[in-house]
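Pasting run19.cif here (mmCIF, C-alpha atoms and all ligand atoms):
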data_run
loop_
_atom_site.label_atom_id
_atom_site.label_comp_id
_atom_site.auth_asym_id
_atom_site.auth_seq_id
_atom_site.Cartn_x
_atom_site.Cartn_y
_atom_site.Cartn_z
CA MET A 1 0.00 0.00 0.00
CA THR A 2 1.40 3.37 -0.92
CA ILE A 3 1.50 6.41 1.28
CA SER A 4 2.57 9.96 0.61
CA LEU A 5 3.20 13.22 2.41
CA ARG A 6 0.46 15.78 1.94
CA CYS A 7 0.11 19.40 2.99
CA ILE A 8 -2.69 19.97 5.48
CA SER A 9 -3.57 23.28 3.76
CA CYS A 10 -2.89 23.22 0.01
CA THR A 11 -2.92 19.35 -0.26
CA LYS A 12 0.27 19.32 -2.36
CA ALA A 13 1.71 15.79 -2.24
CA TYR A 14 5.30 14.56 -1.93
CA PRO A 15 6.79 11.06 -1.96
CA ALA A 16 6.84 9.41 1.49
CA GLY A 17 10.57 8.77 1.13
CA GLU A 18 11.42 12.47 0.71
CA VAL A 19 12.99 14.04 3.81
CA ARG A 20 10.89 17.12 4.46
CA TYR A 21 8.86 18.44 7.36
CA LEU A 22 6.94 21.28 5.71
CA CYS A 23 5.16 21.90 2.43
CA ASP A 24 6.63 24.39 -0.05
CA CYS A 25 3.78 26.67 1.05
CA GLY A 26 5.19 26.54 4.59
CA ASP A 27 2.44 24.51 6.23
CA LEU A 28 2.50 21.19 8.08
CA LEU A 29 2.42 17.78 6.42
CA ASP A 30 0.36 14.64 7.02
CA VAL A 31 1.27 11.07 6.20
CA TRP A 32 -1.57 10.44 3.78
CA HIS A 33 -3.13 7.01 3.49
CA ASP A 34 -5.39 6.10 0.61
CA LEU A 35 -8.42 5.25 2.76
CA GLU A 36 -10.50 4.10 -0.21
CA ALA A 37 -7.89 1.51 -1.15
CA LEU A 38 -7.42 0.49 2.49
CA ARG A 39 -11.09 0.00 3.32
CA PRO A 40 -11.43 -3.53 1.90
CA LEU A 41 -8.19 -4.61 3.60
CA ILE A 42 -8.99 -3.39 7.09
CA SER A 43 -11.46 -4.79 9.58
CA ARG A 44 -12.01 -5.01 13.31
CA GLY A 45 -11.25 -8.75 13.05
CA LEU A 46 -7.84 -8.12 11.48
CA PHE A 47 -6.71 -6.14 14.53
CA ASP A 48 -8.55 -8.31 17.09
CA GLY A 49 -6.74 -11.36 15.70
CA ARG A 50 -3.35 -9.82 16.46
CA LEU A 51 -4.04 -9.25 20.18
CA GLY A 52 -2.11 -11.24 22.75
CA GLY A 53 0.83 -13.58 22.47
CA ALA A 54 3.89 -14.04 24.65
CA PRO A 55 7.04 -12.05 23.85
CA GLY A 56 8.77 -13.71 20.93
CA PRO A 57 12.06 -13.41 19.08
CA ARG A 58 12.78 -10.68 16.57
CA ALA A 59 11.62 -13.01 13.82
CA VAL A 60 8.04 -12.02 14.78
CA PRO A 61 8.60 -8.35 15.58
CA THR A 62 5.05 -7.09 15.26
CA VAL A 63 3.16 -9.47 17.50
CA ASN A 64 3.85 -7.70 20.75
CA SER A 65 3.82 -4.09 19.62
CA GLY A 66 0.66 -2.10 20.25
CA VAL A 67 1.82 0.17 17.45
CA TRP A 68 2.70 -2.24 14.67
CA ARG A 69 -0.44 -4.28 15.25
CA TYR A 70 -2.12 -1.44 13.33
CA ARG A 71 0.65 -1.10 10.76
CA GLU A 72 -1.56 -0.92 7.66
CA ILE A 73 -2.94 2.41 8.86
CA ILE A 74 0.31 3.64 10.46
CA LEU A 75 3.25 2.79 8.24
CA PRO A 76 3.06 -0.08 5.79
CA VAL A 77 6.60 -1.40 5.95
CA ASN A 78 8.70 -4.51 5.61
CA LEU A 79 8.64 -6.23 9.01
CA ASP A 80 12.44 -6.59 8.99
CA ASP A 81 12.86 -2.82 8.82
CA ILE A 82 10.98 -2.12 12.05
CA VAL A 83 12.85 -0.77 15.10
CA SER A 84 10.56 -1.78 17.95
CA ARG A 85 10.64 -2.30 21.70
CA SER A 86 7.17 -3.82 21.97
CA GLU A 87 5.68 -0.42 22.67
CA GLY A 88 2.07 0.08 23.65
CA ASN A 89 -0.23 -2.55 25.12
CA THR A 90 -0.63 -0.15 28.02
CA ALA A 91 -3.16 -0.80 30.76
CA LEU A 92 -6.55 0.87 31.05
CA TYR A 93 -7.11 1.42 34.77
CA GLU A 94 -10.30 1.87 36.73
CA HIS A 95 -10.33 2.83 40.40
CA PRO A 96 -13.33 3.86 42.52
CA GLN A 97 -11.38 6.64 44.24
CA LEU A 98 -10.37 8.10 40.89
CA ALA A 99 -13.92 7.90 39.55
CA GLN A 100 -15.17 9.64 42.67
CA PHE A 101 -12.51 12.34 42.40
CA VAL A 102 -13.39 13.28 38.83
CA GLY A 103 -17.14 12.71 39.27
CA VAL A 104 -17.99 10.15 36.58
CA ASP A 105 -18.71 6.46 37.16
CA ALA A 106 -17.09 5.14 34.01
CA PHE A 107 -13.64 6.72 34.26
CA TYR A 108 -10.62 4.99 32.73
CA ALA A 109 -6.97 5.97 32.79
CA LYS A 110 -4.88 4.74 29.86
CA HIS A 111 -1.35 4.55 31.23
CA GLU A 112 1.13 5.54 28.57
CA GLY A 113 3.79 5.72 31.28
CA GLU A 114 3.99 1.93 30.90
CA ASN A 115 5.80 2.24 27.58
CA PRO A 116 9.46 1.09 27.42
CA THR A 117 10.98 4.49 28.25
CA GLY A 118 8.05 5.60 30.40
CA SER A 119 6.00 7.81 28.07
CA PHE A 120 3.77 7.74 25.00
CA LYS A 121 6.65 9.11 22.93
CA ASP A 122 7.84 5.54 22.30
CA ARG A 123 4.83 4.95 20.07
CA GLY A 124 5.88 7.80 17.82
CA MET A 125 9.55 7.03 18.08
CA THR A 126 9.33 3.41 16.91
CA VAL A 127 7.79 4.75 13.70
CA GLY A 128 10.08 7.79 13.45
CA VAL A 129 13.28 5.79 13.90
CA THR A 130 12.02 3.10 11.53
CA GLN A 131 11.44 5.82 8.93
CA ALA A 132 14.90 7.28 9.70
CA GLY A 133 16.31 3.91 8.64
CA LEU A 134 14.24 3.87 5.46
CA VAL A 135 15.56 7.30 4.41
CA SER A 136 19.12 6.28 5.44
CA ALA A 137 19.46 9.11 7.97
CA ARG A 138 23.03 9.63 9.23
CA ALA A 139 21.85 10.96 12.60
CA VAL A 140 18.61 11.91 14.37
CA ALA A 141 17.71 14.91 16.52
CA CYS A 142 14.93 16.49 18.55
CA ALA A 143 14.14 19.36 20.89
CA SER A 144 12.39 18.20 24.01
CA THR A 145 10.91 18.97 27.40
CA GLY A 146 12.38 15.59 28.33
CA ASN A 147 10.33 12.60 27.28
CA THR A 148 10.98 12.83 23.56
CA SER A 149 14.71 13.04 24.24
CA ALA A 150 14.58 9.93 26.46
CA SER A 151 12.65 8.02 23.82
CA LEU A 152 14.82 9.19 20.94
CA GLY A 153 17.94 8.24 22.87
CA ALA A 154 16.69 4.71 23.44
CA TYR A 155 15.40 4.01 19.94
CA ALA A 156 18.41 5.59 18.25
CA ALA A 157 20.67 3.41 20.38
CA MET A 158 18.66 0.33 19.37
CA ALA A 159 19.12 1.31 15.71
CA ASN A 160 22.77 2.25 16.17
CA LEU A 161 22.13 5.81 15.00
CA PRO A 162 23.82 8.89 16.54
CA ALA A 163 21.26 11.02 18.43
CA LEU A 164 21.31 14.72 19.31
CA VAL A 165 18.88 16.19 21.81
CA PHE A 166 18.21 19.86 22.56
CA ILE A 167 16.71 20.50 25.98
CA PRO A 168 15.92 23.70 27.90
CA ALA A 169 18.74 23.97 30.47
CA GLY A 170 17.59 23.25 34.02
CA LYS A 171 13.97 22.80 32.95
CA ILE A 172 13.57 19.09 32.44
CA ALA A 173 12.79 16.49 35.09
CA ALA A 174 15.68 14.50 36.55
CA GLY A 175 14.49 11.10 35.32
CA LYS A 176 14.30 12.31 31.73
CA LEU A 177 17.73 13.94 31.72
CA ALA A 178 19.18 10.78 33.25
CA GLN A 179 17.64 8.69 30.45
CA ALA A 180 18.93 10.89 27.62
CA LEU A 181 22.46 10.79 29.05
CA ALA A 182 22.34 7.09 29.84
CA TYR A 183 21.11 6.06 26.39
CA GLY A 184 24.02 7.97 24.90
CA ALA A 185 22.27 10.88 23.18
CA LYS A 186 24.51 13.91 22.66
CA THR A 187 22.69 16.32 24.97
CA LEU A 188 22.72 20.07 24.37
CA GLN A 189 21.35 22.08 27.28
CA VAL A 190 20.07 25.20 25.54
CA GLU A 191 20.01 28.39 27.60
CA GLY A 192 16.43 29.17 26.77
CA ASP A 193 13.05 27.46 26.84
CA PHE A 194 11.63 24.60 24.76
CA ASP A 195 10.53 26.98 22.02
CA ASP A 196 14.13 28.22 21.62
CA ALA A 197 15.38 24.62 21.52
CA MET A 198 12.76 23.79 18.89
CA ARG A 199 13.78 26.72 16.69
CA LEU A 200 17.45 25.73 16.89
CA VAL A 201 16.97 22.04 16.17
CA ARG A 202 14.95 22.88 13.07
CA GLN A 203 17.79 25.07 11.80
CA VAL A 204 20.39 22.42 12.61
CA ALA A 205 18.39 19.60 11.00
CA ASN A 206 18.15 21.54 7.74
CA ALA A 207 21.68 22.88 7.71
CA LEU A 208 23.47 19.68 8.75
CA ASN A 209 21.21 17.11 7.10
CA ILE A 210 20.15 15.43 10.33
CA TYR A 211 16.78 13.67 10.51
CA LEU A 212 14.38 15.62 12.74
CA LEU A 213 12.24 13.51 15.05
CA ASN A 214 10.05 16.05 16.78
CA SER A 215 6.32 15.68 16.30
CA LEU A 216 6.70 18.22 13.50
CA ASN A 217 7.73 15.06 11.65
CA PRO A 218 4.41 13.49 10.59
CA PHE A 219 5.71 9.91 10.94
CA ARG A 220 5.91 10.42 14.71
CA LEU A 221 2.22 11.24 14.80
CA GLU A 222 1.34 8.12 12.85
CA GLY A 223 2.78 6.04 15.69
CA GLN A 224 0.95 8.05 18.34
CA LYS A 225 -2.35 7.33 16.60
CA SER A 226 -2.03 3.81 18.00
CA ILE A 227 -3.03 5.08 21.47
CA VAL A 228 -6.47 5.73 20.04
CA PHE A 229 -6.59 2.48 18.05
CA GLU A 230 -5.71 0.56 21.20
CA ILE A 231 -8.43 2.32 23.19
CA LEU A 232 -11.02 1.58 20.50
CA ASN A 233 -9.83 -2.02 20.19
CA GLY A 234 -10.03 -2.39 23.98
CA PHE A 235 -13.58 -1.02 24.01
CA ARG A 236 -14.48 -3.61 21.34
CA TRP A 237 -14.88 -0.72 18.88
CA LEU A 238 -17.60 0.92 20.97
CA THR A 239 -16.49 4.51 21.40
CA PRO A 240 -16.18 6.18 24.79
CA ASP A 241 -17.89 9.57 25.02
CA TRP A 242 -14.72 11.50 25.78
CA ILE A 243 -10.97 11.18 25.43
CA VAL A 244 -9.14 13.69 27.63
CA LEU A 245 -5.42 14.37 27.21
CA PRO A 246 -2.75 16.86 28.28
CA ALA A 247 -1.70 19.26 25.54
CA GLY A 248 1.69 20.91 25.04
CA ASN A 249 3.25 20.88 21.59
CA LEU A 250 -0.11 19.48 20.35
CA GLY A 251 1.34 16.44 18.60
CA ASN A 252 -0.86 14.02 20.49
CA THR A 253 -4.01 16.10 20.04
CA ALA A 254 -3.29 16.16 16.31
CA ALA A 255 -2.57 12.41 16.19
CA PHE A 256 -5.72 11.53 18.12
CA GLY A 257 -7.91 13.54 15.77
CA LYS A 258 -6.39 11.91 12.71
CA ALA A 259 -6.73 8.42 14.20
CA LEU A 260 -10.39 8.98 15.00
CA TYR A 261 -11.13 10.48 11.61
CA GLU A 262 -9.47 7.55 9.85
CA ALA A 263 -11.10 4.92 12.10
CA LYS A 264 -14.50 6.37 11.23
CA GLN A 265 -13.73 6.59 7.52
CA LEU A 266 -12.56 2.97 7.54
CA GLY A 267 -15.72 1.79 9.27
CA LEU A 268 -13.93 0.63 12.44
CA ILE A 269 -16.19 2.82 14.60
CA GLU A 270 -19.59 4.35 14.11
CA LYS A 271 -19.32 7.49 16.18
CA LEU A 272 -16.50 9.73 17.32
CA PRO A 273 -15.68 10.50 20.94
CA ARG A 274 -15.13 14.15 21.82
CA LEU A 275 -11.54 15.20 22.44
CA ALA A 276 -10.73 17.45 25.39
CA ALA A 277 -7.20 18.91 25.32
CA ILE A 278 -6.03 20.16 28.71
CA GLN A 279 -3.35 22.81 29.18
CA ALA A 280 -1.63 24.22 32.24
CA GLU A 281 -2.79 27.78 33.04
CA GLY A 282 0.76 29.09 32.77
CA ALA A 283 1.36 27.44 29.38
CA ASN A 284 -2.00 27.87 27.71
CA PRO A 285 -1.59 29.27 24.17
CA PHE A 286 -3.97 26.69 22.70
CA TYR A 287 -6.57 27.38 25.37
CA GLN A 288 -6.39 31.11 24.68
CA SER A 289 -6.68 30.53 20.94
CA PHE A 290 -9.69 28.25 21.53
CA GLN A 291 -11.27 31.01 23.64
CA ASN A 292 -11.05 33.39 20.68
CA GLY A 293 -12.57 30.80 18.35
CA PHE A 294 -9.15 30.17 16.77
CA SER A 295 -9.37 33.56 15.08
CA GLU A 296 -5.94 34.45 16.41
CA ARG A 297 -3.00 32.15 17.16
CA ILE A 298 -1.73 33.05 20.63
CA GLU A 299 1.83 32.57 21.92
CA VAL A 300 2.89 32.79 25.57
CA ARG A 301 6.01 32.70 27.74
CA PRO A 302 5.31 29.39 29.46
CA GLU A 303 5.63 28.59 33.16
CA THR A 304 4.20 25.54 34.92
CA VAL A 305 5.17 22.83 37.38
CA ALA A 306 4.29 20.34 34.62
CA SER A 307 7.60 20.80 32.79
CA ALA A 308 6.62 18.34 30.00
CA ILE A 309 4.01 20.82 28.74
CA ARG A 310 5.92 24.03 29.41
CA ILE A 311 5.51 25.18 25.81
CA GLY A 312 4.46 28.59 24.49
CA ARG A 313 4.49 28.07 20.69
CA PRO A 314 3.00 24.67 19.90
CA VAL A 315 4.20 23.28 16.57
CA SER A 316 1.18 21.12 15.66
CA TYR A 317 -1.28 23.99 16.24
CA LYS A 318 -3.10 23.73 12.90
CA ARG A 319 -3.30 19.95 12.96
CA ALA A 320 -4.72 20.17 16.49
CA VAL A 321 -7.36 22.72 15.49
CA ARG A 322 -8.42 20.28 12.77
CA ALA A 323 -8.58 17.47 15.35
CA LEU A 324 -10.99 19.49 17.47
CA GLU A 325 -13.11 20.31 14.43
CA TRP A 326 -13.34 16.64 13.49
CA THR A 327 -14.32 15.55 17.00
CA ASN A 328 -16.36 18.50 18.27
CA GLY A 329 -13.54 18.87 20.75
CA LEU A 330 -12.59 21.55 23.22
CA VAL A 331 -9.69 22.97 25.24
CA GLU A 332 -9.64 23.55 29.00
CA GLN A 333 -6.95 24.82 31.35
CA VAL A 334 -6.05 23.82 34.91
CA SER A 335 -3.86 25.42 37.56
CA ASP A 336 -0.62 23.93 38.87
CA ASP A 337 -2.35 23.22 42.20
CA GLU A 338 -5.15 21.37 40.44
CA ILE A 339 -2.55 19.36 38.49
CA MET A 340 -0.57 18.40 41.59
CA ASP A 341 -3.67 17.52 43.65
CA ALA A 342 -4.97 15.33 40.82
CA LYS A 343 -1.55 13.72 40.55
CA ALA A 344 -1.60 12.97 44.28
CA ILE A 345 -4.91 11.13 43.84
CA VAL A 346 -3.67 9.19 40.79
CA ASP A 347 -0.50 8.29 42.68
CA ARG A 348 -2.40 7.30 45.82
CA THR A 349 -4.52 4.79 43.90
CA GLY A 350 -1.30 2.97 43.08
CA ILE A 351 -1.43 3.95 39.42
CA GLY A 352 0.92 6.94 39.50
CA CYS A 353 1.92 9.43 36.80
CA GLU A 354 4.10 12.47 36.14
CA PRO A 355 2.70 15.99 36.64
CA ALA A 356 1.74 16.77 33.02
CA SER A 357 -0.25 13.54 32.82
CA ALA A 358 -2.37 14.54 35.79
CA ALA A 359 -3.60 17.57 33.83
CA SER A 360 -5.96 15.19 32.03
CA VAL A 361 -7.47 14.03 35.34
CA ALA A 362 -7.69 17.57 36.74
CA GLY A 363 -9.23 18.68 33.45
CA THR A 364 -11.83 15.92 33.52
CA ARG A 365 -12.82 16.92 37.06
CA LYS A 366 -13.14 20.55 36.02
CA LEU A 367 -15.25 19.72 32.96
CA VAL A 368 -17.55 17.53 35.07
CA ARG A 369 -17.96 20.33 37.60
CA GLN A 370 -18.80 22.73 34.79
CA GLY A 371 -21.45 20.31 33.50
CA VAL A 372 -19.64 19.87 30.15
CA ILE A 373 -18.94 16.19 30.84
CA GLN A 374 -22.00 14.43 32.26
CA PRO A 375 -21.60 12.01 35.21
CA HIS A 376 -23.10 9.14 33.19
CA GLU A 377 -20.66 9.56 30.30
CA THR A 378 -17.67 7.30 29.66
CA VAL A 379 -14.31 9.04 29.87
CA VAL A 380 -10.84 7.81 28.97
CA SER A 381 -8.07 10.04 30.20
CA ILE A 382 -4.49 9.64 29.04
CA LEU A 383 -1.71 9.37 31.59
CA THR A 384 1.14 10.34 29.31
CA GLY A 385 4.16 9.67 31.51
CA ASN A 386 5.49 7.59 34.40
CA LEU A 387 5.59 8.65 38.05
CA LEU A 388 9.37 8.07 38.20
CA LYS A 389 10.11 10.66 35.55
CA ASP A 390 9.93 13.57 37.96
CA PRO A 391 10.77 12.48 41.50
CA ASP A 392 11.74 15.98 42.67
CA THR A 393 8.31 17.48 42.04
CA THR A 394 6.61 14.56 43.79
CA VAL A 395 8.82 14.78 46.86
CA ALA A 396 8.37 18.57 47.00
CA TYR A 397 4.59 18.08 47.03
CA HIS A 398 4.62 15.54 49.84
CA THR A 399 7.07 17.51 51.96
CA GLY A 400 5.10 20.74 51.57
CA ALA A 401 1.82 21.98 53.02
CA ASN A 402 -0.42 20.45 50.36
CA GLN A 403 -3.92 19.03 50.48
CA TYR A 404 -3.05 15.37 49.86
CA ALA A 405 0.52 15.41 51.16
CA ASN A 406 1.78 12.12 52.59
CA THR A 407 4.33 13.75 54.88
CA PRO A 408 7.32 11.58 55.76
CA VAL A 409 7.98 11.25 59.50
CA LYS A 410 11.44 11.66 60.95
CA VAL A 411 12.06 9.30 63.88
CA GLU A 412 14.76 8.80 66.40
CA ALA A 413 16.47 5.41 65.93
CA SER A 414 14.79 3.72 68.92
CA PHE A 415 11.95 1.20 69.21
CA GLU A 416 9.92 3.48 71.49
CA ALA A 417 10.10 6.41 69.08
CA VAL A 418 9.16 4.18 66.14
CA ARG A 419 6.24 2.67 68.09
CA ALA A 420 4.95 6.14 69.04
CA ALA A 421 5.19 7.26 65.41
CA ILE A 422 3.26 4.21 64.18
CA GLU A 423 0.59 4.45 66.86
CA ALA A 424 -0.01 8.06 65.92
CA VAL A 425 -1.03 7.06 62.38
CA LEU A 426 -2.79 3.70 62.83
N1 LIG B 1 2.54 14.68 28.63
C1 LIG B 1 3.85 14.38 28.66
C2 LIG B 1 4.34 13.51 29.76
C3 LIG B 1 4.71 14.90 27.67
O1 LIG B 1 6.00 14.60 27.71
C4 LIG B 1 4.19 15.74 26.66
C5 LIG B 1 5.05 16.31 25.64
C6 LIG B 1 2.82 16.01 26.68
C7 LIG B 1 2.03 15.46 27.66
C8 LIG B 1 2.16 16.86 25.66
O2 LIG B 1 2.06 16.22 24.45
O3 LIG B 1 3.34 17.82 23.06
O4 LIG B 1 1.92 16.07 22.02
O5 LIG B 1 0.88 18.01 23.19
N2 LIG B 1 6.31 16.23 25.65
C9 LIG B 1 7.20 16.67 24.57
C10 LIG B 1 8.62 16.27 24.86
C11 LIG B 1 7.03 18.07 24.19
O6 LIG B 1 9.55 16.93 24.37
O7 LIG B 1 8.83 15.26 25.54
P1 LIG B 1 2.04 17.08 23.08
#

Full structure transcribed into structure tokens:
Amino acid sequence: MTISLRCISCTKAYPAGEVRYLCDCGDLLDVWHDLEALRPLISRGLFDGRLGGAPGPRAVPTVNSGVWRYREIILPVNLDDIVSRSEGNTALYEHPQLAQFVGVDAFYAKHEGENPTGSFKDRGMTVGVTQAGLVSARAVACASTGNTSASLGAYAAMANLPALVFIPAGKIAAGKLAQALAYGAKTLQVEGDFDDAMRLVRQVANALNIYLLNSLNPFRLEGQKSIVFEILNGFRWLTPDWIVLPAGNLGNTAAFGKALYEAKQLGLIEKLPRLAAIQAEGANPFYQSFQNGFSERIEVRPETVASAIRIGRPVSYKRAVRALEWTNGLVEQVSDDEIMDAKAIVDRTGIGCEPASAASVAGTRKLVRQGVIQPHETVVSILTGNLLKDPDTTVAYHTGANQYANTPVKVEASFEAVRAAIEAVL
């Protein structure tokens, strides 16, 4: 099956094997699938039949990947060319305390922090690094608030490709920086914010002929579509009413919209869920643009405790606007306190997530309180990253005067002191 690159505005098409990230007109590109030709080849049964199976050798590389299970509608490719770490297959959690906190009975948390490097980025990266191989890239690069750099580092190492990552100095969580360094990515700590790092990596990629693996690259988004396919597959192709996700650079929002549009066009689902993209109040350019009916594209100087979404100039803006149009979606914002309190509840249920992820839970709660989401509706919220990514922020919350703080107790090293401490809490 052939695919091509296609401009989201003027629809000009380019070969899929051409290395380019923008149309000649300057706008963003899609990986374009011929849905008419695909329709007879794709069915619910095709994907259902690929579920399950114990981890196998590389000779059967697609069986255990929650991305490549959907390969016909992601990247039709020779199985031997795939660089995979069995991404996806992430759990869909239910917990009564979580349902009560957000205020809907049927509340599910899809935990993307269970991916190999601890975030949903692995789903995009397996496709991006596979494509890097197909175009014979000599090196790969990205700008990142942390998770993309961790994922790129790991997948580039698997593929034996040199990796360069540009991160905002001092502004990424400890776990993510540790990963990028450990996986061997050449790490440039840019004295600026993510938006500065993004601008620089784009210049470098063009000038030095290095393959860019930010979500500007449409192949990344094709992989991230699999989050939606997996949700739909898990719901036996009955759509939930809402999918709620944190929004920063807007790659995921864009990917989710495209996945849902394609699933509907291919007859996999009958109705579309509504997308709700949640931003942090201090990094809310998409929320502000939504408020003005997308008549003006807003940029901000971002600041939020959720460093993963500390972004003021989101790259996939136009693709994300289209996603909301397709799904009758909306944008909401939540404060840092709301994010951290929601995270404390997610953590306390034993599920756990990083701060940015909790924006989706805080956002669901807010939308329920506003009466936008009804208590009887089914909601899937995306936990985008693992609890261990950002230990400093978690410890700071629990050692501060916060609503759900689980304050550690300092005890003298004697049995009596320990007994008194235990009796005080039991
Ligand atoms: N949640 C987490 C944990 C993230 O790492 C990101 C983005 C988002 C949500 C937002 O997703 O950008 O698609 O809207 N992290 C990128 C990075 C920017 O560099 O790791 P988005």

Ligand LIG 1 (chain B), all listed atoms, 4 Å padding on each side: what axis-aligned box centre and edge lengths in Å to one decimal come out, as lines of an AutoDock Vina configuration file?
center_x = 5.2
center_y = 15.8
center_z = 25.9
size_x = 16.7
size_y = 12.6
size_z = 15.7

If you count only C-alpha atoms and all ligand atoms, which residues end up within 7 Å of ligand LIG 1 (chain B), as a tab-separated table (two decimals) with C-alpha atoms, keeping the file's coordinate frame?
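So out.tsv came out as:
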chain	number	residue	atom	x	y	z
A	119	SER	CA	6.00	7.81	28.07
A	143	ALA	CA	14.14	19.36	20.89
A	144	SER	CA	12.39	18.20	24.01
A	145	THR	CA	10.91	18.97	27.40
A	146	GLY	CA	12.38	15.59	28.33
A	147	ASN	CA	10.33	12.60	27.28
A	148	THR	CA	10.98	12.83	23.56
A	149	SER	CA	14.71	13.04	24.24
A	246	PRO	CA	-2.75	16.86	28.28
A	247	ALA	CA	-1.70	19.26	25.54
A	248	GLY	CA	1.69	20.91	25.04
A	249	ASN	CA	3.25	20.88	21.59
A	250	LEU	CA	-0.11	19.48	20.35
A	251	GLY	CA	1.34	16.44	18.60
A	252	ASN	CA	-0.86	14.02	20.49
A	253	THR	CA	-4.01	16.10	20.04
A	308	ALA	CA	6.62	18.34	30.00
A	309	ILE	CA	4.01	20.82	28.74
A	354	GLU	CA	4.10	12.47	36.14
A	356	ALA	CA	1.74	16.77	33.02
A	357	SER	CA	-0.25	13.54	32.82
A	384	THR	CA	1.14	10.34	29.31
A	385	GLY	CA	4.16	9.67	31.51

Could you give me, as a ChimeraX atom specification, the residues within 8 Å of segment 296-301 of chain A, counting only C-alpha atoms and dropping anything in the same chain fewer than 4 positions from it? /A:283-286,288-289,292,311-313

List as a Markdown table every residue of segment 59-167 of chain A that is in contact with segment 327-347 of chain A, defined as an atom at most 10 Å from one of its atoms (using only C-alpha atoms), together with the nearest atom pair and the distance in Å rounded to one decimal, sorted by chain and then rising number.
| residue | atom | partner | partner_atom | distance |
| --- | --- | --- | --- | --- |
| A:His95 | CA | A:Val346 | CA | 9.2 |
| A:Gln97 | CA | A:Ile345 | CA | 7.9 |
| A:Leu98 | CA | A:Val346 | CA | 6.8 |
| A:Phe101 | CA | A:Ile345 | CA | 7.8 |
| A:Val102 | CA | A:Ala342 | CA | 8.9 |
| A:Ala109 | CA | A:Val346 | CA | 9.2 |

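Using only C-alpha atoms for every distance, the candidate list A:Leu426, A:Ala163, A:Val228, A:Leu260 yields A:Ala163 as the residue closest to Ala205 of chain A.
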
Would you write out, as JSON lines, a table of all residues in segment 7-49 of chain A that have an atom no more than 12 Å from an atom of segment 62-71 of chain A, listing for each the closest atom pair and the distance in Å to one decimal, considering all atoms listed in the file and ordering rows by chain and rising residue number?
{"residue": "A:His33", "atom": "CA", "partner": "A:Arg71", "partner_atom": "CA", "distance": 11.5}
{"residue": "A:Leu38", "atom": "CA", "partner": "A:Arg71", "partner_atom": "CA", "distance": 11.7}
{"residue": "A:Leu41", "atom": "CA", "partner": "A:Tyr70", "partner_atom": "CA", "distance": 11.9}
{"residue": "A:Ile42", "atom": "CA", "partner": "A:Tyr70", "partner_atom": "CA", "distance": 9.5}
{"residue": "A:Ser43", "atom": "CA", "partner": "A:Tyr70", "partner_atom": "CA", "distance": 10.6}
{"residue": "A:Arg44", "atom": "CA", "partner": "A:Tyr70", "partner_atom": "CA", "distance": 10.5}
{"residue": "A:Gly45", "atom": "CA", "partner": "A:Tyr70", "partner_atom": "CA", "distance": 11.7}
{"residue": "A:Leu46", "atom": "CA", "partner": "A:Tyr70", "partner_atom": "CA", "distance": 9.0}
{"residue": "A:Phe47", "atom": "CA", "partner": "A:Arg69", "partner_atom": "CA", "distance": 6.6}
{"residue": "A:Asp48", "atom": "CA", "partner": "A:Arg69", "partner_atom": "CA", "distance": 9.2}
{"residue": "A:Gly49", "atom": "CA", "partner": "A:Arg69", "partner_atom": "CA", "distance": 9.5}

Sorted by chain and rising residue number, which residues of segment 72-108 of chain A lie within 12 Å of segment 9-31 of chain A, and what are their closest atom pairs and distances in Å to one decimal, counting all atoms listed in the file, as CSV?
residue,atom,partner,partner_atom,distance
A:Ile73,CA,A:Val31,CA,10.0
A:Ile74,CA,A:Val31,CA,8.6
A:Leu75,CA,A:Val31,CA,8.8
A:Pro76,CA,A:Ala16,CA,11.1
A:Val77,CA,A:Ala16,CA,11.7
